[in-house]
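Undergrad: Pasting work18.cif below, which is mmCIF, C-alpha atoms.
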```cif
data_final
loop_
_atom_site.label_atom_id
_atom_site.label_comp_id
_atom_site.auth_asym_id
_atom_site.auth_seq_id
_atom_site.Cartn_x
_atom_site.Cartn_y
_atom_site.Cartn_z
CA VAL A 102 68.98 25.09 -30.17
CA THR A 103 67.54 28.59 -30.05
CA GLY A 104 68.97 30.97 -32.60
CA GLY A 105 69.75 27.78 -34.47
CA ALA A 106 69.36 29.07 -38.02
CA GLY A 107 72.75 30.74 -38.29
CA GLY A 108 76.17 31.33 -36.82
CA ILE A 109 77.07 29.39 -33.70
CA GLY A 110 73.55 27.98 -33.38
CA ALA A 111 73.60 26.39 -36.83
CA ALA A 112 77.10 25.02 -36.20
CA LEU A 113 75.93 23.48 -32.92
CA ALA A 114 72.95 21.88 -34.63
CA ARG A 115 75.14 20.38 -37.35
CA ARG A 116 77.71 19.12 -34.87
CA PHE A 117 75.14 17.56 -32.54
CA ALA A 118 73.64 15.71 -35.51
CA ALA A 119 77.08 14.50 -36.54
CA GLU A 120 77.69 13.30 -32.98
CA GLY A 121 74.62 11.06 -33.22
CA ALA A 122 71.82 13.04 -31.60
CA ALA A 123 68.45 11.31 -31.95
CA ALA A 124 66.85 14.65 -32.80
CA VAL A 125 68.04 18.24 -33.13
CA VAL A 126 65.42 20.97 -32.91
CA VAL A 127 66.48 24.10 -34.79
CA ALA A 128 64.48 26.94 -33.25
CA ASP A 129 64.66 30.41 -34.77
CA LEU A 130 62.68 33.53 -35.58
CA ASP A 131 63.42 32.92 -39.28
CA PRO A 132 61.36 29.88 -40.30
CA ASP A 133 62.93 29.52 -43.76
CA ALA A 134 66.47 29.59 -42.36
CA ALA A 135 65.50 27.13 -39.62
CA ARG A 136 64.09 24.73 -42.21
CA ARG A 137 67.22 25.09 -44.30
CA VAL A 138 69.53 24.15 -41.41
CA ALA A 139 67.25 21.30 -40.33
CA GLY A 140 67.29 20.00 -43.89
CA GLU A 141 71.08 20.18 -44.03
CA ILE A 142 71.48 17.94 -41.00
CA GLY A 143 69.16 15.26 -42.31
CA PRO A 144 66.32 13.21 -40.85
CA VAL A 145 67.13 14.12 -37.24
CA GLY A 146 66.65 17.82 -37.96
CA VAL A 147 63.41 19.48 -36.89
CA ALA A 148 62.67 23.14 -37.56
CA VAL A 149 60.42 25.28 -35.38
CA THR A 150 59.64 28.99 -35.44
CA LEU A 151 60.41 30.52 -32.07
CA ASP A 152 60.65 33.97 -30.54
CA VAL A 153 62.47 33.38 -27.25
CA THR A 154 60.98 36.55 -25.79
CA ASP A 155 57.53 34.93 -25.90
CA ALA A 156 57.41 32.77 -22.77
CA ASP A 157 54.13 31.12 -23.75
CA ARG A 158 55.48 30.12 -27.15
CA VAL A 159 58.67 28.77 -25.56
CA ARG A 160 56.60 26.58 -23.20
CA ALA A 161 54.45 25.39 -26.09
CA VAL A 162 57.45 24.42 -28.22
CA VAL A 163 59.09 22.59 -25.31
CA GLY A 164 55.85 20.71 -24.67
CA GLU A 165 55.57 19.73 -28.32
CA VAL A 166 59.17 18.49 -28.41
CA GLU A 167 58.75 16.50 -25.20
CA ALA A 168 55.51 14.97 -26.49
CA ARG A 169 57.16 13.97 -29.77
CA PHE A 170 60.53 12.73 -28.52
CA GLY A 171 59.89 11.90 -24.87
CA ARG A 172 62.45 14.23 -23.33
CA ILE A 173 64.91 17.05 -23.90
CA ASP A 174 68.43 16.07 -22.88
CA LEU A 175 70.19 19.29 -23.83
CA CYS A 176 68.70 22.78 -24.18
CA CYS A 177 70.95 25.32 -25.90
CA ALA A 178 69.81 28.88 -25.16
CA ASN A 179 71.85 30.44 -27.91
CA ALA A 180 69.72 33.27 -29.31
CA GLY A 181 71.29 36.69 -28.80
CA VAL A 182 71.34 40.24 -30.14
CA THR A 183 73.79 43.14 -30.17
CA THR A 184 73.00 46.84 -30.37
CA GLY A 185 76.28 48.66 -31.00
CA GLY A 186 75.05 51.43 -28.73
CA GLY A 187 76.25 53.20 -25.62
CA LEU A 188 74.36 55.26 -23.08
CA ASP A 189 72.59 56.94 -25.97
CA ALA A 190 71.12 53.64 -27.21
CA PRO A 191 67.33 53.90 -27.50
CA THR A 192 65.34 52.39 -24.67
CA ALA A 193 63.89 49.95 -27.19
CA ASP A 194 67.40 48.59 -27.83
CA TRP A 195 68.00 48.10 -24.11
CA ASP A 196 64.64 46.37 -23.79
CA ARG A 197 65.31 44.09 -26.77
CA ALA A 198 68.75 43.11 -25.46
CA TRP A 199 67.28 42.28 -22.05
CA GLN A 200 64.36 40.35 -23.50
CA VAL A 201 66.52 38.21 -25.82
CA ASN A 202 69.86 37.89 -24.03
CA VAL A 203 68.54 37.34 -20.52
CA LEU A 204 64.82 36.61 -20.43
CA GLY A 205 65.08 34.38 -23.49
CA GLN A 206 67.44 32.14 -21.52
CA LEU A 207 65.21 32.36 -18.47
CA HIS A 208 62.15 31.30 -20.49
CA THR A 209 63.88 28.22 -21.91
CA ALA A 210 65.17 27.19 -18.48
CA GLN A 211 61.72 27.60 -16.95
CA ALA A 212 60.20 25.47 -19.69
CA VAL A 213 62.67 22.57 -19.77
CA LEU A 214 63.64 22.27 -16.10
CA PRO A 215 60.43 20.56 -14.86
CA GLY A 216 60.95 17.60 -17.16
CA MET A 217 64.67 17.44 -16.45
CA LEU A 218 64.17 17.61 -12.69
CA ALA A 219 61.51 14.91 -12.83
CA ARG A 220 64.03 12.61 -14.54
CA GLY A 221 66.90 13.73 -12.34
CA GLU A 222 69.09 14.73 -15.28
CA GLY A 223 69.45 17.30 -18.02
CA TYR A 224 71.86 19.83 -19.48
CA LEU A 225 71.51 23.58 -20.04
CA LEU A 226 73.97 25.31 -22.37
CA HIS A 227 73.71 29.11 -22.32
CA THR A 228 75.60 31.18 -24.87
CA CYS A 229 76.82 34.11 -22.78
CA SER A 230 79.81 35.55 -24.69
CA ALA A 231 83.20 36.63 -23.38
CA ALA A 232 81.49 40.01 -22.99
CA GLY A 233 79.69 38.49 -20.02
CA LEU A 234 83.03 37.95 -18.29
CA LEU A 235 84.87 41.02 -19.61
CA THR A 236 83.02 43.70 -21.59
CA ALA A 237 81.86 44.56 -25.09
CA VAL A 238 83.56 47.79 -26.04
CA GLY A 239 81.08 50.19 -27.60
CA ASP A 240 77.98 48.16 -26.72
CA ALA A 241 76.59 48.93 -23.28
CA PRO A 242 73.33 46.93 -23.59
CA TYR A 243 75.18 43.84 -24.81
CA THR A 244 77.74 44.11 -22.00
CA ALA A 245 75.14 44.52 -19.27
CA THR A 246 72.85 41.76 -20.50
CA LYS A 247 75.63 39.26 -21.13
CA HIS A 248 76.93 39.82 -17.60
CA ALA A 249 73.39 39.11 -16.43
CA ALA A 250 73.32 35.96 -18.58
CA VAL A 251 76.48 34.65 -16.91
CA GLY A 252 74.96 35.42 -13.53
CA LEU A 253 71.79 33.52 -14.40
CA ALA A 254 73.80 30.51 -15.59
CA GLU A 255 75.85 30.54 -12.37
CA TRP A 256 72.68 30.67 -10.29
CA LEU A 257 71.15 27.77 -12.19
CA ALA A 258 74.31 25.70 -11.75
CA MET A 259 74.44 26.36 -8.01
CA THR A 260 70.74 25.85 -7.44
CA TYR A 261 70.12 22.73 -9.53
CA GLY A 262 73.55 21.13 -9.84
CA GLY A 263 72.78 18.87 -6.89
CA GLN A 264 69.65 17.60 -8.62
CA GLY A 265 71.27 16.21 -11.74
CA ILE A 266 71.14 19.39 -13.81
CA ARG A 267 74.39 20.32 -15.52
CA VAL A 268 74.93 23.87 -16.75
CA SER A 269 77.55 25.36 -19.03
CA ALA A 270 78.11 28.98 -20.04
CA LEU A 271 79.59 29.31 -23.51
CA CYS A 272 81.73 32.45 -23.64
CA PRO A 273 83.43 32.87 -27.02
CA GLN A 274 85.24 36.00 -28.08
CA GLY A 275 85.57 36.73 -31.83
CA VAL A 276 83.57 34.38 -34.07
CA ASP A 277 83.20 34.74 -37.82
CA THR A 278 79.47 35.42 -37.93
CA PRO A 279 77.50 38.38 -39.33
CA MET A 280 77.34 39.78 -35.80
CA LEU A 281 81.10 40.44 -35.98
CA SER A 282 81.70 40.80 -39.73
CA ASP A 283 78.95 43.39 -40.19
CA ALA A 284 80.28 45.42 -37.26
CA LEU A 285 83.82 45.24 -38.64
CA ALA A 286 82.60 46.42 -42.03
CA ALA A 287 80.92 49.35 -40.31
CA GLY A 288 84.15 50.20 -38.47
CA HIS A 289 82.62 49.67 -35.01
CA VAL A 290 85.31 50.09 -32.36
CA GLY A 291 84.03 47.13 -30.34
CA ALA A 292 84.38 44.79 -33.28
CA ARG A 293 87.89 46.08 -33.91
CA VAL A 294 88.84 45.47 -30.27
CA THR A 295 87.40 41.96 -30.44
CA ALA A 296 89.32 41.15 -33.63
CA ALA A 297 92.52 42.52 -32.10
CA SER A 298 92.16 40.55 -28.87
CA GLY A 299 92.54 37.02 -30.23
CA ALA A 300 91.83 34.67 -33.09
CA VAL A 301 88.53 34.96 -34.94
CA LEU A 302 87.18 31.41 -34.91
CA THR A 303 84.70 29.79 -37.26
CA PRO A 304 81.35 28.69 -35.81
CA ASP A 305 82.38 25.08 -36.49
CA GLN A 306 85.50 25.54 -34.37
CA VAL A 307 83.34 26.87 -31.55
CA ALA A 308 80.98 23.90 -31.88
CA ALA A 309 83.91 21.49 -31.59
CA VAL A 310 85.02 23.14 -28.34
CA VAL A 311 81.43 23.00 -27.07
CA VAL A 312 81.20 19.25 -27.61
CA GLU A 313 84.44 18.74 -25.70
CA GLY A 314 83.33 21.09 -22.93
CA LEU A 315 79.96 19.37 -22.55
CA ALA A 316 81.67 15.98 -22.34
CA ALA A 317 83.88 17.34 -19.55
CA GLU A 318 80.87 19.06 -17.92
CA ARG A 319 82.78 22.33 -17.57
CA PHE A 320 80.77 25.33 -16.43
CA LEU A 321 82.80 27.84 -18.44
CA ILE A 322 83.35 26.78 -22.03
CA LEU A 323 85.98 29.08 -23.51
CA PRO A 324 86.70 28.55 -27.22
CA HIS A 325 89.32 31.31 -26.83
CA PRO A 326 91.61 30.12 -23.99
CA GLU A 327 93.07 33.62 -23.68
CA VAL A 328 89.76 34.78 -22.21
CA ALA A 329 90.64 32.92 -19.00
CA THR A 330 93.88 34.91 -18.82
CA TYR A 331 92.04 38.18 -19.39
CA VAL A 332 89.55 37.34 -16.64
CA GLN A 333 92.38 36.54 -14.23
CA ARG A 334 94.10 39.83 -15.01
CA LYS A 335 90.85 41.72 -14.56
CA ALA A 336 90.22 40.08 -11.18
CA ALA A 337 93.80 40.59 -9.97
CA ASP A 338 94.05 44.24 -11.02
CA PRO A 339 90.75 45.83 -12.10
CA ASP A 340 92.25 49.31 -12.41
CA GLY A 341 95.15 48.06 -14.49
CA TRP A 342 92.82 46.08 -16.73
CA LEU A 343 90.61 49.13 -17.31
CA ALA A 344 93.66 51.24 -18.11
CA ALA A 345 94.87 48.66 -20.61
CA MET A 346 91.45 48.54 -22.28
CA ARG A 347 91.34 52.34 -22.51
CA GLY A 348 94.78 52.27 -24.12
CA MET A 349 93.67 49.71 -26.68
CA ILE A 350 90.62 51.80 -27.55
CA ARG A 351 92.78 54.90 -28.00
CA ARG A 352 95.17 53.05 -30.32
CA LEU A 353 92.37 51.66 -32.46
CA THR A 354 90.49 54.92 -32.75
CA SER A 355 93.40 57.34 -33.20
#
```
Spell out the structure here as structure tokens.
TA:
Amino acid sequence: VTGGAGGIGAALARRFAAEGAAAVVVADLDPDAARRVAGEIGPVGVAVTLDVTDADRVRAVVGEVEARFGRIDLCCANAGVTTGGGLDAPTADWDRAWQVNVLGQLHTAQAVLPGMLARGEGYLLHTCSAAGLLTAVGDAPYTATKHAAVGLAEWLAMTYGGQGIRVSALCPQGVDTPMLSDALAAGHVGARVTAASGAVLTPDQVAAVVVEGLAAERFLILPHPEVATYVQRKAADPDGWLAAMRGMIRRLTS
């Protein structure tokens, strides 16, 4: 589980351990937090320090895990970053969002797929966000990269689904993590739109929906069912959907 030291990642790690996983690898940039989560989930927890933007390090970690445990059944590419910026966001923010939100998921897929394809089975879970299906108001880099993440997950599902590889794109809306709470505290319009668009779930609630979605092998895992309705409205009437979103932004910022 990349980004496994907090938020949704930590909740996934805890839930997978509770479901009886033989081992749960908590991979994160923060080694202390990764060790803390791994310790919480007991003997099956393993902490590793991982920067998902470093393709060589990702391959090395995957190789170490495969050597120790024999195989990786489920790879959760969960690490992600927001910027809170628009067109004026620094180039460095755009680069960071692309490196983490898209290439980080590419690197993990590249590393784990050879072993999965050799066995003829494996599961990729990519955390893509509802922003990848709709938009993230006030955060252009996050919107663009999460749309790319959904596209990558779709491509993987189409390309490798016939070879035993299952793929799911996790697309939650508001989740009670620092990513949302810090933005709300700062008064960011995007966070306010997210909070006004549906329930704010706990990470544990998201993890419960993930387990059910993986069991059903659904491509889109939507902890907020209303997201499916929003996507349908957007597809049926793009201009009307954009007008409604502009109206919501006006109401929340006036």
Undergrad: Would you translate the PyMOL selection byres ((chain A and resi 274-283) around 6) into the concrete set of residues it matches in this file, as a PDB file with C-alpha atoms, in the frame of the given file?
TA:
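This is the output file part-v2.pdb:
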```pdb
ATOM      1  CA  GLY A 108      76.170  31.330 -36.820  1.00  0.00           C
ATOM      2  CA  ALA A 231      83.200  36.630 -23.380  1.00  0.00           C
ATOM      3  CA  PRO A 273      83.430  32.870 -27.020  1.00  0.00           C
ATOM      4  CA  ALA A 284      80.280  45.420 -37.260  1.00  0.00           C
ATOM      5  CA  LEU A 285      83.820  45.240 -38.640  1.00  0.00           C
ATOM      6  CA  ALA A 286      82.600  46.420 -42.030  1.00  0.00           C
ATOM      7  CA  THR A 295      87.400  41.960 -30.440  1.00  0.00           C
ATOM      8  CA  VAL A 301      88.530  34.960 -34.940  1.00  0.00           C
ATOM      9  CA  LEU A 302      87.180  31.410 -34.910  1.00  0.00           C
ATOM     10  CA  THR A 303      84.700  29.790 -37.260  1.00  0.00           C
TER      11      THR A 303
END
```
Undergrad: Give me, as a Markdown table, the closest atom pair and its distance (Å, one decimal) for every residue of range 181-276 of chain A within a cut-off of 12 Å of range 142-159 of chain A, counting only C-alpha atoms, rows sorted by chain and rising number.
TA:
```
| residue | atom | partner | partner_atom | distance |
| --- | --- | --- | --- | --- |
| A:Gly181 | CA | A:Val153 | CA | 9.5 |
| A:Val182 | CA | A:Val153 | CA | 11.6 |
| A:Asp196 | CA | A:Thr154 | CA | 10.7 |
| A:Arg197 | CA | A:Thr154 | CA | 8.7 |
| A:Ala198 | CA | A:Thr154 | CA | 10.2 |
| A:Trp199 | CA | A:Thr154 | CA | 9.3 |
| A:Gln200 | CA | A:Thr154 | CA | 5.6 |
| A:Val201 | CA | A:Thr154 | CA | 5.8 |
| A:Asn202 | CA | A:Thr154 | CA | 9.2 |
| A:Val203 | CA | A:Thr154 | CA | 9.2 |
| A:Leu204 | CA | A:Thr154 | CA | 6.6 |
| A:Gly205 | CA | A:Val153 | CA | 4.7 |
| A:Gln206 | CA | A:Val153 | CA | 7.7 |
| A:Leu207 | CA | A:Ala156 | CA | 8.9 |
| A:His208 | CA | A:Ala156 | CA | 5.5 |
| A:Thr209 | CA | A:Val159 | CA | 6.4 |
| A:Ala210 | CA | A:Val159 | CA | 9.7 |
| A:Gln211 | CA | A:Ala156 | CA | 8.9 |
| A:Ala212 | CA | A:Val159 | CA | 6.9 |
| A:Val213 | CA | A:Val159 | CA | 9.4 |
```
Undergrad: Under the rule that only C-alpha atoms are counted, which of A:Leu226, A:Ala245, A:Met259, A:Val126 is the nearest residue to Ala139 in chain A?
TA: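 Selected residue with least distance to Ala139 in chain A: A:Val126.
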Undergrad: For Ala250 in chain A, find every residue with an atom within 6 Å (counting all atoms listed in the file), except residues of its own chain fewer than 2 positions away, and show them as a list in words.
TA: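 With the cut-off at 6 Å, the set is Val203, Cys229, Lys247, His248, Gly252 and Leu253 of chain A.
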Undergrad: Hey, can you spit out that residue selection with C-alpha atoms as an mmCIF file, keeping the file's coordinate frame?
TA:
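Result went into again.cif, see below:
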```
data_model
loop_
_atom_site.group_PDB
_atom_site.id
_atom_site.type_symbol
_atom_site.label_atom_id
_atom_site.label_comp_id
_atom_site.auth_asym_id
_atom_site.auth_seq_id
_atom_site.Cartn_x
_atom_site.Cartn_y
_atom_site.Cartn_z
ATOM 1 C CA VAL A 203 68.540 37.340 -20.520
ATOM 2 C CA CYS A 229 76.820 34.110 -22.780
ATOM 3 C CA LYS A 247 75.630 39.260 -21.130
ATOM 4 C CA HIS A 248 76.930 39.820 -17.600
ATOM 5 C CA GLY A 252 74.960 35.420 -13.530
ATOM 6 C CA LEU A 253 71.790 33.520 -14.400
#
```
Undergrad: In Å, rounded to a single decimal, give me how far CA of Ile322 in chain A is from CA of Ala308 in chain A.
TA: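 So the two atoms, CA of Ala308 in chain A and CA of Ile322 in chain A, lie 10.5 Å apart.
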Undergrad: Please report the interatomic distance between CA of Ala178 in chain A and CA of His227 in chain A in Å with one decimal.
TA: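 These atoms are spaced 4.8 Å apart.
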Undergrad: Please list as a list in words every residue within 6 Å of range 167-177 of chain A, counting all atoms listed in the file and excluding residues in the same chain fewer than 2 positions away.
TA: Val102, Gly164, Glu165, Asn179, Gly223, Tyr224, Leu225, Leu226 and His227 of chain A
Undergrad: Specify as number ranges by chain each residue included when the PyMOL selection byres ((chain A and resi 312) around 12) is applied to this file.
TA: A: 112-122, 175, 226, 269, 271, 305-311, 313-319, 322-324
Undergrad: Can you work out the spacing between CA of Gly104 in chain A and CA of Val127 in chain A in Å, to one decimal?
TA: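 Between CA of Gly104 in chain A and CA of Val127 in chain A the gap works out to 7.6 Å.
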Undergrad: Given the choices A:Ala270, A:Gln333, A:Asp189, A:Asp133, which gets closest to Leu257 in chain A if the distance is worked out from only C-alpha atoms?
TA: A:Ala270
Undergrad: Fewer than 4 positions away in the same chain doesn't count, so skip those; otherwise give me all residues within 8 Å of Gln264 in chain A, counting only C-alpha atoms, as a PyMOL selection string.
TA: chain A and resi 218+221-222
Undergrad: Generate the coordinates of all heavy atoms for range 178-189 of chain A; report them as a short mmCIF file (atom, residue, chain, number, x, y, z; two decimals), in the frame of the given file.
TA:
```cif
data_model
loop_
_atom_site.label_atom_id
_atom_site.label_comp_id
_atom_site.auth_asym_id
_atom_site.auth_seq_id
_atom_site.Cartn_x
_atom_site.Cartn_y
_atom_site.Cartn_z
N ALA A 178 70.36 27.53 -25.08
CA ALA A 178 69.81 28.88 -25.16
C ALA A 178 70.85 29.76 -25.81
O ALA A 178 71.70 30.36 -25.14
CB ALA A 178 69.44 29.38 -23.77
N ASN A 179 70.78 29.83 -27.13
CA ASN A 179 71.85 30.44 -27.91
C ASN A 179 71.45 31.76 -28.55
O ASN A 179 72.31 32.53 -28.97
CB ASN A 179 72.29 29.45 -29.00
CG ASN A 179 73.26 30.05 -29.99
OD1 ASN A 179 74.44 30.24 -29.69
ND2 ASN A 179 72.76 30.38 -31.18
N ALA A 180 70.16 32.05 -28.65
CA ALA A 180 69.72 33.27 -29.31
C ALA A 180 70.28 34.50 -28.61
O ALA A 180 70.32 34.57 -27.37
CB ALA A 180 68.19 33.34 -29.33
N GLY A 181 70.74 35.47 -29.39
CA GLY A 181 71.29 36.69 -28.80
C GLY A 181 71.28 37.83 -29.80
O GLY A 181 71.24 37.62 -31.01
N VAL A 182 71.31 39.05 -29.29
CA VAL A 182 71.34 40.24 -30.14
C VAL A 182 72.35 41.24 -29.60
O VAL A 182 72.61 41.30 -28.40
CB VAL A 182 69.95 40.92 -30.22
CG1 VAL A 182 68.95 40.01 -30.92
CG2 VAL A 182 69.45 41.33 -28.85
N THR A 183 72.93 42.01 -30.53
CA THR A 183 73.79 43.14 -30.17
C THR A 183 73.06 44.43 -30.52
O THR A 183 72.05 44.42 -31.22
CB THR A 183 75.13 43.08 -30.91
OG1 THR A 183 74.87 43.09 -32.33
CG2 THR A 183 75.91 41.84 -30.55
N THR A 184 73.61 45.55 -30.04
CA THR A 184 73.00 46.84 -30.37
C THR A 184 74.01 47.81 -30.96
O THR A 184 73.65 48.66 -31.76
CB THR A 184 72.37 47.49 -29.13
OG1 THR A 184 73.41 47.95 -28.25
CG2 THR A 184 71.48 46.51 -28.39
N GLY A 185 75.28 47.70 -30.54
CA GLY A 185 76.28 48.66 -31.00
C GLY A 185 76.14 50.02 -30.36
O GLY A 185 76.79 50.98 -30.80
N GLY A 186 75.31 50.13 -29.32
CA GLY A 186 75.05 51.43 -28.73
C GLY A 186 75.67 51.62 -27.35
O GLY A 186 76.01 50.66 -26.67
N GLY A 187 75.76 52.86 -26.95
CA GLY A 187 76.25 53.20 -25.62
C GLY A 187 75.11 53.71 -24.75
O GLY A 187 73.98 53.22 -24.84
N LEU A 188 75.40 54.70 -23.94
CA LEU A 188 74.36 55.26 -23.08
C LEU A 188 73.26 55.93 -23.89
O LEU A 188 72.13 56.09 -23.39
CB LEU A 188 74.96 56.27 -22.11
CG LEU A 188 75.89 55.71 -21.03
CD1 LEU A 188 76.35 56.84 -20.11
CD2 LEU A 188 75.20 54.62 -20.23
N ASP A 189 73.58 56.29 -25.13
CA ASP A 189 72.59 56.94 -25.97
C ASP A 189 71.73 55.95 -26.75
O ASP A 189 70.88 56.34 -27.54
CB ASP A 189 73.27 57.88 -26.97
CG ASP A 189 74.30 57.16 -27.85
OD1 ASP A 189 74.66 56.01 -27.50
OD2 ASP A 189 74.73 57.76 -28.85
#
```
